[in-house]
>>> print(open('run24.cif').read())   # mmCIF, C-alpha atoms
data_my_file
loop_
_atom_site.group_PDB
_atom_site.id
_atom_site.type_symbol
_atom_site.label_atom_id
_atom_site.label_comp_id
_atom_site.auth_asym_id
_atom_site.auth_seq_id
_atom_site.Cartn_x
_atom_site.Cartn_y
_atom_site.Cartn_z
ATOM 1 C CA MET W 1 0.000 0.000 0.000
ATOM 2 C CA ASP W 2 1.202 3.540 -0.782
ATOM 3 C CA ARG W 3 2.214 5.952 1.913
ATOM 4 C CA SER W 4 -0.656 8.160 2.909
ATOM 5 C CA PRO W 5 -0.494 11.852 2.029
ATOM 6 C CA ASP W 6 -1.056 14.805 4.336
ATOM 7 C CA LEU W 7 -3.533 16.761 2.243
ATOM 8 C CA CYS W 8 -3.539 19.995 4.225
ATOM 9 C CA ILE W 9 0.088 21.124 4.369
ATOM 10 C CA ARG W 10 -0.124 24.896 4.370
ATOM 11 C CA GLU W 11 3.389 25.729 3.204
ATOM 12 C CA LYS W 12 5.508 23.353 1.166
ATOM 13 C CA THR W 13 9.012 24.682 1.756
ATOM 14 C CA THR W 14 12.020 22.444 1.029
ATOM 15 C CA GLU W 15 12.492 21.746 4.755
ATOM 16 C CA VAL W 16 8.842 20.791 5.185
ATOM 17 C CA VAL W 17 8.919 18.480 2.164
ATOM 18 C CA GLU W 18 12.091 16.754 3.392
ATOM 19 C CA LYS W 19 10.690 16.281 6.891
ATOM 20 C CA ALA W 20 7.472 14.832 5.469
ATOM 21 C CA ARG W 21 9.434 12.272 3.445
ATOM 22 C CA GLU W 22 11.631 11.404 6.450
ATOM 23 C CA LEU W 23 8.611 10.739 8.664
ATOM 24 C CA GLY W 24 6.959 8.441 6.156
ATOM 25 C CA TRP W 25 4.388 10.643 4.443
ATOM 26 C CA ARG W 26 3.776 10.513 0.721
ATOM 27 C CA ASP W 27 5.873 13.082 -1.176
ATOM 28 C CA PRO W 28 4.019 16.411 -0.756
ATOM 29 C CA GLU W 29 5.304 17.581 -4.135
ATOM 30 C CA SER W 30 3.302 14.881 -5.939
ATOM 31 C CA TYR W 31 0.012 16.721 -5.392
ATOM 32 C CA GLU W 32 -1.225 20.272 -5.009
ATOM 33 C CA THR W 33 -3.705 21.539 -2.474
ATOM 34 C CA LYS W 34 -5.651 24.775 -2.600
ATOM 35 C CA PHE W 35 -7.048 26.303 0.584
ATOM 36 C CA LEU W 36 -10.209 28.336 0.075
ATOM 37 C CA ASP W 37 -11.413 31.136 2.326
ATOM 38 C CA ALA W 38 -14.608 33.053 1.683
ATOM 39 C CA GLU W 39 -16.944 35.543 3.311
ATOM 40 C CA ASP W 40 -20.057 34.397 1.460
ATOM 41 C CA TRP W 41 -21.319 31.662 -0.822
ATOM 42 C CA GLY W 42 -20.911 33.748 -3.997
ATOM 43 C CA GLU W 43 -17.210 34.242 -3.332
ATOM 44 C CA LEU W 44 -16.718 30.598 -2.423
ATOM 45 C CA LYS W 45 -18.519 29.450 -5.568
ATOM 46 C CA ARG W 46 -16.307 31.634 -7.754
ATOM 47 C CA LYS W 47 -13.175 30.338 -6.053
ATOM 48 C CA ILE W 48 -14.259 26.720 -6.469
ATOM 49 C CA GLN W 49 -14.961 27.251 -10.164
ATOM 50 C CA LYS W 50 -11.609 28.961 -10.672
ATOM 51 C CA ASN W 51 -9.497 26.393 -8.837
ATOM 52 C CA ARG W 52 -11.153 22.987 -9.223
ATOM 53 C CA GLU W 53 -9.394 22.020 -12.418
ATOM 54 C CA ASN W 54 -5.989 23.401 -11.478
ATOM 55 C CA PHE W 55 -5.502 21.663 -8.135
ATOM 56 C CA ASP W 56 -5.648 18.053 -6.983
ATOM 57 C CA VAL W 57 -7.314 18.796 -3.676
ATOM 58 C CA LEU W 58 -9.663 21.625 -2.656
ATOM 59 C CA VAL W 59 -9.876 22.408 1.046
ATOM 60 C CA PHE W 60 -12.348 24.853 2.510
ATOM 61 C CA ASN W 61 -11.323 26.522 5.779
ATOM 62 C CA GLY W 62 -14.530 26.194 7.767
ATOM 63 C CA GLY W 63 -15.840 28.123 10.728
ATOM 64 C CA SER W 64 -19.078 29.749 9.575
ATOM 65 C CA GLU W 65 -22.184 27.624 9.966
ATOM 66 C CA LYS W 66 -23.753 28.788 6.710
ATOM 67 C CA LEU W 67 -20.607 28.193 4.677
ATOM 68 C CA ASN W 68 -19.898 24.884 6.406
ATOM 69 C CA ARG W 69 -23.272 23.713 5.137
ATOM 70 C CA LYS W 70 -22.716 25.105 1.647
ATOM 71 C CA ALA W 71 -19.275 23.517 1.449
ATOM 72 C CA ALA W 72 -20.655 20.171 2.592
ATOM 73 C CA SER W 73 -23.283 20.390 -0.166
ATOM 74 C CA ASP W 74 -20.773 20.920 -2.971
ATOM 75 C CA ALA W 75 -19.201 17.753 -4.330
ATOM 76 C CA ARG W 76 -16.335 19.741 -5.884
ATOM 77 C CA ILE W 77 -14.889 20.403 -2.427
ATOM 78 C CA ASP W 78 -12.788 17.584 -0.994
ATOM 79 C CA VAL W 79 -12.244 18.631 2.613
ATOM 80 C CA LEU W 80 -14.128 20.845 5.030
ATOM 81 C CA LEU W 81 -11.303 21.724 7.414
ATOM 82 C CA HIS W 82 -11.765 22.649 11.091
ATOM 83 C CA PRO W 83 -15.539 23.412 10.950
ATOM 84 C CA GLU W 84 -15.362 24.197 14.689
ATOM 85 C CA LYS W 85 -12.776 26.973 14.377
ATOM 86 C CA GLY W 86 -13.727 30.148 16.231
ATOM 87 C CA ARG W 87 -17.115 28.736 17.242
ATOM 88 C CA LYS W 88 -18.759 27.827 20.504
ATOM 89 C CA ASP W 89 -20.403 24.773 18.943
ATOM 90 C CA SER W 90 -18.794 21.991 16.956
ATOM 91 C CA GLY W 91 -19.726 23.483 13.556
ATOM 92 C CA VAL W 92 -21.201 20.234 12.221
ATOM 93 C CA ASP W 93 -24.762 19.114 12.737
ATOM 94 C CA GLU W 94 -26.790 16.199 11.428
ATOM 95 C CA VAL W 95 -27.700 18.032 8.196
ATOM 96 C CA ILE W 96 -24.120 19.014 7.397
ATOM 97 C CA SER W 97 -22.898 15.530 8.182
ATOM 98 C CA LYS W 98 -25.499 13.886 5.917
ATOM 99 C CA LYS W 99 -24.801 16.289 3.065
ATOM 100 C CA ALA W 100 -21.047 15.773 3.427
ATOM 101 C CA ALA W 101 -21.582 12.011 3.244
ATOM 102 C CA GLU W 102 -23.735 12.343 0.093
ATOM 103 C CA ASN W 103 -21.215 14.598 -1.628
ATOM 104 C CA LYS W 104 -18.107 12.789 -0.394
ATOM 105 C CA VAL W 105 -16.798 15.853 1.399
ATOM 106 C CA ALA W 106 -14.461 14.864 4.225
ATOM 107 C CA ILE W 107 -14.519 16.609 7.590
ATOM 108 C CA GLY W 108 -10.969 17.669 8.426
ATOM 109 C CA PHE W 109 -9.498 17.620 11.933
ATOM 110 C CA ASP W 110 -6.530 19.953 12.164
ATOM 111 C CA LEU W 111 -3.898 19.089 14.779
ATOM 112 C CA HIS W 112 -2.901 22.745 14.859
ATOM 113 C CA GLN W 113 -6.177 23.502 16.620
ATOM 114 C CA LEU W 114 -5.002 21.489 19.624
ATOM 115 C CA PHE W 115 -1.855 23.532 20.194
ATOM 116 C CA GLN W 116 -3.562 25.907 22.589
ATOM 117 C CA THR W 117 -4.086 26.325 26.318
ATOM 118 C CA PRO W 118 -5.449 23.230 28.101
ATOM 119 C CA LYS W 119 -8.849 24.905 28.476
ATOM 120 C CA ILE W 120 -9.264 25.547 24.742
ATOM 121 C CA GLN W 121 -7.738 22.151 23.953
ATOM 122 C CA THR W 122 -10.467 20.524 26.049
ATOM 123 C CA HIS W 123 -13.214 22.385 24.159
ATOM 124 C CA ILE W 124 -11.716 21.517 20.784
ATOM 125 C CA LEU W 125 -11.437 17.831 21.726
ATOM 126 C CA SER W 126 -15.034 17.818 22.871
ATOM 127 C CA HIS W 127 -16.081 19.297 19.484
ATOM 128 C CA TRP W 128 -13.980 16.648 17.731
ATOM 129 C CA ARG W 129 -15.778 13.906 19.645
ATOM 130 C CA LYS W 130 -19.193 15.266 18.628
ATOM 131 C CA ASN W 131 -18.186 15.614 14.994
ATOM 132 C CA LEU W 132 -16.607 12.165 14.893
ATOM 133 C CA ARG W 133 -19.752 10.611 16.350
ATOM 134 C CA LEU W 134 -21.791 12.208 13.570
ATOM 135 C CA CYS W 135 -19.243 11.122 10.964
ATOM 136 C CA GLU W 136 -19.411 7.518 12.169
ATOM 137 C CA LYS W 137 -23.206 7.556 12.307
ATOM 138 C CA PHE W 138 -23.757 8.917 8.785
ATOM 139 C CA ASP W 139 -20.674 7.343 7.252
ATOM 140 C CA THR W 140 -19.126 10.710 6.481
ATOM 141 C CA ARG W 141 -15.486 10.750 5.504
ATOM 142 C CA TYR W 142 -13.039 12.280 7.944
ATOM 143 C CA ILE W 143 -9.348 13.010 7.884
ATOM 144 C CA ILE W 144 -6.719 14.178 10.337
ATOM 145 C CA THR W 145 -3.981 16.528 9.261
ATOM 146 C CA THR W 146 -0.998 18.337 10.744
ATOM 147 C CA GLY W 147 -1.802 21.583 8.879
ATOM 148 C CA ALA W 148 1.959 22.146 8.872
ATOM 149 C CA THR W 149 3.487 25.496 8.052
ATOM 150 C CA GLU W 150 7.014 24.615 9.174
ATOM 151 C CA LYS W 151 9.034 21.448 9.663
ATOM 152 C CA THR W 152 8.503 21.261 13.444
ATOM 153 C CA ASP W 153 4.725 21.187 12.892
ATOM 154 C CA PHE W 154 4.969 17.741 11.326
ATOM 155 C CA ARG W 155 4.192 14.497 13.080
ATOM 156 C CA ALA W 156 4.593 10.902 11.928
ATOM 157 C CA PRO W 157 1.399 9.442 10.361
ATOM 158 C CA ARG W 158 0.891 6.801 13.056
ATOM 159 C CA ASP W 159 1.447 9.359 15.845
ATOM 160 C CA LEU W 160 -1.135 11.651 14.267
ATOM 161 C CA ALA W 161 -3.628 8.790 14.093
ATOM 162 C CA SER W 162 -3.036 8.033 17.775
ATOM 163 C CA VAL W 163 -4.682 11.354 18.715
ATOM 164 C CA LEU W 164 -7.975 10.063 17.288
ATOM 165 C CA ASP W 165 -7.318 6.598 18.721
ATOM 166 C CA SER W 166 -6.913 8.147 22.174
ATOM 167 C CA ILE W 167 -10.434 9.591 22.002
ATOM 168 C CA GLU W 168 -11.770 6.196 20.903
ATOM 169 C CA PHE W 169 -12.145 6.760 17.162
ATOM 170 C CA ASP W 170 -10.337 5.231 14.229
ATOM 171 C CA GLY W 171 -7.177 7.152 13.399
ATOM 172 C CA ARG W 172 -6.053 4.670 10.757
ATOM 173 C CA LYS W 173 -9.305 5.219 8.846
ATOM 174 C CA ALA W 174 -8.674 8.989 8.872
ATOM 175 C CA LEU W 175 -5.251 8.422 7.291
ATOM 176 C CA ASN W 176 -6.562 5.994 4.689
ATOM 177 C CA THR W 177 -9.303 8.437 3.685
ATOM 178 C CA GLN W 178 -6.672 11.000 2.688
ATOM 179 C CA GLU W 179 -5.104 8.464 0.373
ATOM 180 C CA LYS W 180 -8.518 7.556 -1.026
ATOM 181 C CA ILE W 181 -9.431 11.186 -1.765
ATOM 182 C CA LEU W 182 -6.154 11.844 -3.559
ATOM 183 C CA GLU W 183 -6.303 8.617 -5.598
ATOM 184 C CA GLU W 184 -9.880 9.360 -6.687
ATOM 185 C CA ASN W 185 -8.998 12.896 -7.752
ATOM 186 C CA LEU W 186 -5.881 11.829 -9.630
ATOM 187 C CA LYS W 187 -7.872 9.126 -11.434
ATOM 188 C CA ILE W 188 -10.528 11.654 -12.491
ATOM 189 C CA GLN W 189 -7.810 13.964 -13.846
ATOM 190 C CA GLU W 190 -6.202 11.112 -15.770
ATOM 191 C CA LYS W 191 -9.518 10.172 -17.372
ATOM 192 C CA GLY W 192 -10.136 13.821 -18.243
ATOM 193 C CA VAL W 193 -13.581 13.978 -16.681
ATOM 194 C CA LYS W 194 -14.596 17.636 -16.511
ATOM 195 C CA GLY W 195 -16.860 19.376 -14.050
ATOM 196 C CA GLY W 196 -20.519 19.263 -15.050
ATOM 197 C CA VAL W 197 -20.256 15.886 -16.781
ATOM 198 C CA LYS W 198 -22.197 13.284 -14.913
ATOM 199 C CA ARG W 199 -20.537 9.883 -14.727
ATOM 200 C CA GLU W 200 -22.751 6.848 -15.084
ATOM 201 C CA MET O 1 9.301 -5.385 49.313
ATOM 202 C CA LYS O 2 8.112 -8.734 47.980
ATOM 203 C CA ASN O 3 7.522 -8.889 44.212
ATOM 204 C CA LEU O 4 3.986 -9.234 42.896
ATOM 205 C CA GLN O 5 2.872 -12.500 41.359
ATOM 206 C CA PRO O 6 3.182 -12.441 37.563
ATOM 207 C CA ALA O 7 -0.601 -12.472 37.065
ATOM 208 C CA MET O 8 -0.963 -9.440 39.305
ATOM 209 C CA ARG O 9 1.665 -7.332 37.574
ATOM 210 C CA GLU O 10 0.551 -4.703 35.090
ATOM 211 C CA ASN O 11 1.172 -5.357 31.423
ATOM 212 C CA THR O 12 3.687 -2.894 30.136
ATOM 213 C CA ARG O 13 4.965 -1.837 26.746
ATOM 214 C CA TYR O 14 8.203 -0.070 25.947
ATOM 215 C CA LEU O 15 7.961 2.809 23.564
ATOM 216 C CA LYS O 16 11.062 4.029 21.767
ATOM 217 C CA PHE O 17 10.926 7.679 20.734
ATOM 218 C CA ARG O 18 13.081 10.067 18.740
ATOM 219 C CA ILE O 19 13.253 13.816 19.296
ATOM 220 C CA HIS O 20 13.289 16.154 16.298
ATOM 221 C CA SER O 21 14.405 19.601 17.345
ATOM 222 C CA GLU O 22 16.361 22.621 16.190
ATOM 223 C CA GLU O 23 18.919 21.962 18.926
ATOM 224 C CA LYS O 24 19.919 18.913 20.974
ATOM 225 C CA VAL O 25 17.555 18.289 23.860
ATOM 226 C CA GLU O 26 18.728 17.086 27.271
ATOM 227 C CA LEU O 27 16.810 14.476 29.235
ATOM 228 C CA SER O 28 15.537 17.062 31.725
ATOM 229 C CA GLY O 29 14.146 19.183 28.876
ATOM 230 C CA PHE O 30 12.300 16.201 27.464
ATOM 231 C CA VAL O 31 10.973 15.137 30.877
ATOM 232 C CA ASP O 32 9.529 18.616 31.551
ATOM 233 C CA SER O 33 7.862 18.843 28.138
ATOM 234 C CA PHE O 34 6.492 15.307 28.368
ATOM 235 C CA TRP O 35 4.901 15.788 31.795
ATOM 236 C CA ASP O 36 3.459 19.191 30.868
ATOM 237 C CA SER O 37 1.898 17.792 27.713
ATOM 238 C CA ALA O 38 0.708 14.566 29.370
ATOM 239 C CA VAL O 39 -0.912 16.266 32.363
ATOM 240 C CA ASP O 40 -2.580 18.888 30.142
ATOM 241 C CA PHE O 41 -3.874 16.379 27.617
ATOM 242 C CA LEU O 42 -4.638 13.316 29.720
ATOM 243 C CA GLY O 43 -5.059 14.670 33.233
ATOM 244 C CA SER O 44 -3.900 12.986 36.407
ATOM 245 C CA ARG O 45 -6.618 10.326 36.272
ATOM 246 C CA THR O 46 -5.674 8.763 32.937
ATOM 247 C CA LEU O 47 -2.014 9.332 33.589
ATOM 248 C CA SER O 48 -2.224 7.353 36.811
ATOM 249 C CA LYS O 49 -3.559 4.419 34.788
ATOM 250 C CA ALA O 50 -0.892 4.843 32.136
ATOM 251 C CA SER O 51 1.868 5.095 34.776
ATOM 252 C CA PRO O 52 4.528 6.268 32.314
ATOM 253 C CA TRP O 53 8.166 5.900 33.310
ATOM 254 C CA ILE O 54 10.963 7.495 31.331
ATOM 255 C CA ILE O 55 13.950 5.163 31.534
ATOM 256 C CA ALA O 56 16.824 7.557 32.186
ATOM 257 C CA ASN O 57 19.707 5.239 31.346
ATOM 258 C CA LYS O 58 18.208 4.410 27.935
ATOM 259 C CA PHE O 59 18.224 8.058 26.849
ATOM 260 C CA ASP O 60 20.813 8.634 24.143
ATOM 261 C CA GLU O 61 21.536 12.353 23.894
ATOM 262 C CA GLU O 62 23.657 11.898 20.781
ATOM 263 C CA LYS O 63 20.965 10.079 18.781
ATOM 264 C CA GLN O 64 18.175 11.968 20.608
ATOM 265 C CA GLU O 65 16.397 8.711 21.346
ATOM 266 C CA GLY O 66 14.931 7.250 24.495
ATOM 267 C CA VAL O 67 12.504 4.733 25.966
ATOM 268 C CA ILE O 68 9.310 5.155 27.985
ATOM 269 C CA ARG O 69 7.625 2.314 29.849
ATOM 270 C CA VAL O 70 3.849 2.551 29.821
ATOM 271 C CA ASN O 71 0.793 0.489 30.692
ATOM 272 C CA ARG O 72 -0.428 -1.503 27.680
ATOM 273 C CA GLU O 73 -4.030 -0.253 27.958
ATOM 274 C CA GLU O 74 -3.072 3.413 27.682
ATOM 275 C CA ILE O 75 -0.465 3.261 24.972
ATOM 276 C CA ASP O 76 -2.505 5.334 22.488
ATOM 277 C CA ALA O 77 -3.152 8.006 25.087
ATOM 278 C CA VAL O 78 0.543 8.368 25.915
ATOM 279 C CA ARG O 79 1.428 8.349 22.243
ATOM 280 C CA ALA O 80 -1.078 11.168 21.647
ATOM 281 C CA ALA O 81 0.415 13.129 24.553
ATOM 282 C CA LEU O 82 3.854 12.737 22.944
ATOM 283 C CA THR O 83 2.392 13.930 19.622
ATOM 284 C CA LEU O 84 1.172 17.132 21.252
ATOM 285 C CA ILE O 85 4.614 18.190 22.485
ATOM 286 C CA GLN O 86 5.609 21.327 20.581
ATOM 287 C CA SER O 87 8.752 22.579 22.249
ATOM 288 C CA PHE O 88 11.594 21.739 24.620
ATOM 289 C CA LYS O 89 12.646 24.577 26.923
ATOM 290 C CA GLY O 90 11.334 27.165 24.487
ATOM 291 C CA ARG O 91 12.863 25.588 21.372
ATOM 292 C CA ASN O 92 10.503 24.204 18.753
ATOM 293 C CA GLY O 93 10.518 20.470 18.256
ATOM 294 C CA PHE O 94 8.464 17.317 18.322
ATOM 295 C CA VAL O 95 8.612 13.642 19.191
ATOM 296 C CA GLU O 96 8.268 10.659 16.864
ATOM 297 C CA VAL O 97 7.465 7.186 18.177
ATOM 298 C CA VAL O 98 9.838 4.818 16.415
ATOM 299 C CA LYS O 99 8.957 1.427 17.856
ATOM 300 C CA ILE O 100 6.812 -0.265 20.470
ATOM 301 C CA SER O 101 7.786 -3.541 22.072
ATOM 302 C CA GLY O 102 6.828 -5.763 24.979
ATOM 303 C CA ALA O 103 10.417 -6.063 26.163
ATOM 304 C CA VAL O 104 12.968 -3.376 26.778
ATOM 305 C CA ARG O 105 15.503 -5.373 24.773
ATOM 306 C CA GLY O 106 13.164 -5.196 21.771
ATOM 307 C CA VAL O 107 13.390 -1.425 21.593
ATOM 308 C CA SER O 108 17.015 -1.106 22.684
ATOM 309 C CA GLU O 109 18.360 -3.374 19.979
ATOM 310 C CA SER O 110 16.312 -1.916 17.108
ATOM 311 C CA GLU O 111 18.076 0.444 14.716
#
>>> encode(input="run24.cif", output="structure tokens")
Amino acid sequence: MDRSPDLCIREKTTEVVEKARELGWRDPESYETKFLDAEDWGELKRKIQKNRENFDVLVFNGGSEKLNRKAASDARIDVLLHPEKGRKDSGVDEVISKKAAENKVAIGFDLHQLFQTPKIQTHILSHWRKNLRLCEKFDTRYIITTGATEKTDFRAPRDLASVLDSIEFDGRKALNTQEKILEENLKIQEKGVKGGVKRE
Amino acid sequence: MKNLQPAMRENTRYLKFRIHSEEKVELSGFVDSFWDSAVDFLGSRTLSKASPWIIANKFDEEKQEGVIRVNREEIDAVRAALTLIQSFKGRNGFVEVVKISGAVRGVSESE
């Protein structure tokens, strides 16, 4: 089996790429990720249209309830990252989870969110538990990522998975999903299937 | 003190780790970071079950490798606590778990 990729590396400097290879991740230079930020749905839609064909993976930085739902409803987005960011709730409800499952949008858990004071860390972990329960119930995809910006942000794949294992969910599945998403997207690009064409 | 009967002893695992840091980290630096991270993430309750023990004479400062003994049931929790370490005495760095074994010889002899 191939090494699993970390889909949400924020900055791919030479040092980061080398560290990723050393720790056993798939080569980050073999795929390109685009992070999308938007204030409203119109802006997000434009950005998706502009970037879908140029990048292997599209990641939406979540946080707003309305946009979390919109992102989960759009099959062109691959990952809805940290839906709980800056919120008092977990950012994912039953509706979002179901829509994400239908459209194969993965919920992303960003390790960076945990590097905070113990109080905030506790809240974030509690949101993760809620979101993971929904993901398991509705069979929604989920991934865990380092969200690395520098080489010391990286962690080994198995260590990253252990964070989810420690809260009684399946970390290995979260790693495998990343590989699955990338393989699917690369296959679609190879076949030349364009947006708007429905596959039978 | 008399030793416990084998069936009464806790099942332990030995976890070999490697430190990645900008500068070489001493054992005391690692110990401080580990306990801070473990108490913050796991709390005293889980940590008492995990009963982690950093084996001082297995720490290799040159290779930046060492061994922790931990209860088998809580190995994922301790591994997660190691994952959440971000710095050693103010210097950025992290810990990678290299190998887990049931015997200390298993982790000492591995490359």
>>> residues_around(input="run24.cif", residues="stretch 23-31 of chain W", least_positions_apart="2", cutoff="9 Å", atoms="only C-alpha atoms", output="list in words")
Asp2, Arg3, Ser4, Pro5, Asp6, Leu7, Ile9, Lys12, Val16, Val17, Glu18, Lys19, Ala20, Arg21, Thr33, Phe55, Asp56, Val57, Phe154, Arg155, Ala156, Pro157, Leu182 and Leu186 of chain W; Glu96 of chain O
>>> resolve_selection(input="run24.cif", expression="the PyMOL selection byres ((chain O) within 12 of (chain W))", output="MDAnalysis selection string")
chainID O and resid 17:23 36:43 46 73:88 91:100
>>> resolve_selection(input="run24.cif", expression="the PyMOL selection byres ((chain W and resi 100-106) around 6)", output="list in words")
Ala72, Ala75, Asp78, Val79, Ile96, Ser97, Lys98, Lys99, Ile107, Thr140, Arg141 and Tyr142 of chain W
>>> resolve_selection(input="run24.cif", expression="the PyMOL selection byres ((chain O and resi 72) around 10)", output="ChimeraX atom specification")
/O:10-14,49-51,69-71,73-76,102
>>> write_last_selection(input="run24.cif", atoms="C-alpha atoms", output="compact mmCIF listing (two decimals), in the frame of the given file")
# COMPACT_ATOMS: atom_id res chain seq x y z
CA GLU O 10 0.55 -4.70 35.09
CA ASN O 11 1.17 -5.36 31.42
CA THR O 12 3.69 -2.89 30.14
CA ARG O 13 4.96 -1.84 26.75
CA TYR O 14 8.20 -0.07 25.95
CA LYS O 49 -3.56 4.42 34.79
CA ALA O 50 -0.89 4.84 32.14
CA SER O 51 1.87 5.10 34.78
CA ARG O 69 7.62 2.31 29.85
CA VAL O 70 3.85 2.55 29.82
CA ASN O 71 0.79 0.49 30.69
CA GLU O 73 -4.03 -0.25 27.96
CA GLU O 74 -3.07 3.41 27.68
CA ILE O 75 -0.46 3.26 24.97
CA ASP O 76 -2.50 5.33 22.49
CA GLY O 102 6.83 -5.76 24.98
>>> axis_aligned_box(input="run24.cif", around="stretch 18-34 of chain O", padding_each_side="5 Å", output="JSON")
{"center_x": 13.2, "center_y": 16.3, "center_z": 24.0, "size_x": 23.4, "size_y": 22.6, "size_z": 25.5}
>>> residues_around(input="run24.cif", residues="W:Arg87", least_positions_apart="3", cutoff="12 Å", atoms="only C-alpha atoms", output="PyMOL selection string")
chain W and resi 62-65+68+82-84+90-92+120+123-124+127
>>> atom_distance(input="run24.cif", atom1="atom CA of O:Glu65", atom2="atom CA of O:Arg105")
14.5 Å
>>> atom_distance(input="run24.cif", atom1="atom CA of W:Phe60", atom2="atom CA of W:Ser126")
21.7 Å
>>> residues_near_point(input="run24.cif", point="(-20.7, 31.7, 3.0)", cutoff="7 Å", atoms="all atoms listed in the file", output="PyMOL selection string")
chain W and resi 38-41+44+66-67
>>> closest_residue(input="run24.cif", among="W:Phe169, W:Glu190, W:Phe35, W:Asp89", to="W:Arg129", atoms="only C-alpha atoms")
W:Phe169
>>> closest_residue(input="run24.cif", among="O:Gly106, O:Leu27, O:Asp32, O:Ala7", to="O:Ile55", atoms="only C-alpha atoms")
O:Leu27
>>> atom_distance(input="run24.cif", atom1="atom CA of O:Glu26", atom2="atom CA of O:Ile68")
15.2 Å
>>> closest_residue(input="run24.cif", among="W:Gly108, W:Ala148, W:Leu58, W:Asp170", to="W:Glu15", atoms="only C-alpha atoms")
W:Ala148
>>> build_atoms(input="run24.cif", residues="stretch 1-12 of chain W", atoms="N, CA and C atoms", output="PDB file, in the coordinates of the input")
ATOM      1  N   MET W   1       0.839  -1.199   0.000  1.00  0.00           N
ATOM      2  CA  MET W   1       0.000   0.000   0.000  1.00  0.00           C
ATOM      3  C   MET W   1       0.879   1.257   0.000  1.00  0.00           C
ATOM      4  N   ASP W   2       0.435   2.289  -0.735  1.00  0.00           N
ATOM      5  CA  ASP W   2       1.202   3.540  -0.782  1.00  0.00           C
ATOM      6  C   ASP W   2       1.212   4.243   0.566  1.00  0.00           C
ATOM      7  N   ARG W   3       2.184   5.124   0.710  1.00  0.00           N
ATOM      8  CA  ARG W   3       2.214   5.952   1.913  1.00  0.00           C
ATOM      9  C   ARG W   3       1.066   6.948   1.832  1.00  0.00           C
ATOM     10  N   SER W   4       0.485   7.248   2.992  1.00  0.00           N
ATOM     11  CA  SER W   4      -0.656   8.160   2.909  1.00  0.00           C
ATOM     12  C   SER W   4      -0.168   9.613   2.852  1.00  0.00           C
ATOM     13  N   PRO W   5      -0.915  10.454   2.154  1.00  0.00           N
ATOM     14  CA  PRO W   5      -0.494  11.852   2.029  1.00  0.00           C
ATOM     15  C   PRO W   5      -1.085  12.712   3.147  1.00  0.00           C
ATOM     16  N   ASP W   6      -0.445  13.821   3.453  1.00  0.00           N
ATOM     17  CA  ASP W   6      -1.056  14.805   4.336  1.00  0.00           C
ATOM     18  C   ASP W   6      -1.606  15.901   3.423  1.00  0.00           C
ATOM     19  N   LEU W   7      -2.923  15.909   3.267  1.00  0.00           N
ATOM     20  CA  LEU W   7      -3.533  16.761   2.243  1.00  0.00           C
ATOM     21  C   LEU W   7      -3.515  18.251   2.580  1.00  0.00           C
ATOM     22  N   CYS W   8      -3.374  18.587   3.852  1.00  0.00           N
ATOM     23  CA  CYS W   8      -3.539  19.995   4.225  1.00  0.00           C
ATOM     24  C   CYS W   8      -2.249  20.638   4.740  1.00  0.00           C
ATOM     25  N   ILE W   9      -1.163  20.439   4.008  1.00  0.00           N
ATOM     26  CA  ILE W   9       0.088  21.124   4.369  1.00  0.00           C
ATOM     27  C   ILE W   9      -0.030  22.558   3.864  1.00  0.00           C
ATOM     28  N   ARG W  10       0.133  23.504   4.767  1.00  0.00           N
ATOM     29  CA  ARG W  10      -0.124  24.896   4.370  1.00  0.00           C
ATOM     30  C   ARG W  10       1.030  25.506   3.581  1.00  0.00           C
ATOM     31  N   GLU W  11       2.254  25.171   3.955  1.00  0.00           N
ATOM     32  CA  GLU W  11       3.389  25.729   3.204  1.00  0.00           C
ATOM     33  C   GLU W  11       4.380  24.622   2.875  1.00  0.00           C
ATOM     34  N   LYS W  12       4.621  24.447   1.570  1.00  0.00           N
ATOM     35  CA  LYS W  12       5.508  23.353   1.166  1.00  0.00           C
ATOM     36  C   LYS W  12       6.908  23.883   0.887  1.00  0.00           C
TER      37      LYS W  12
END
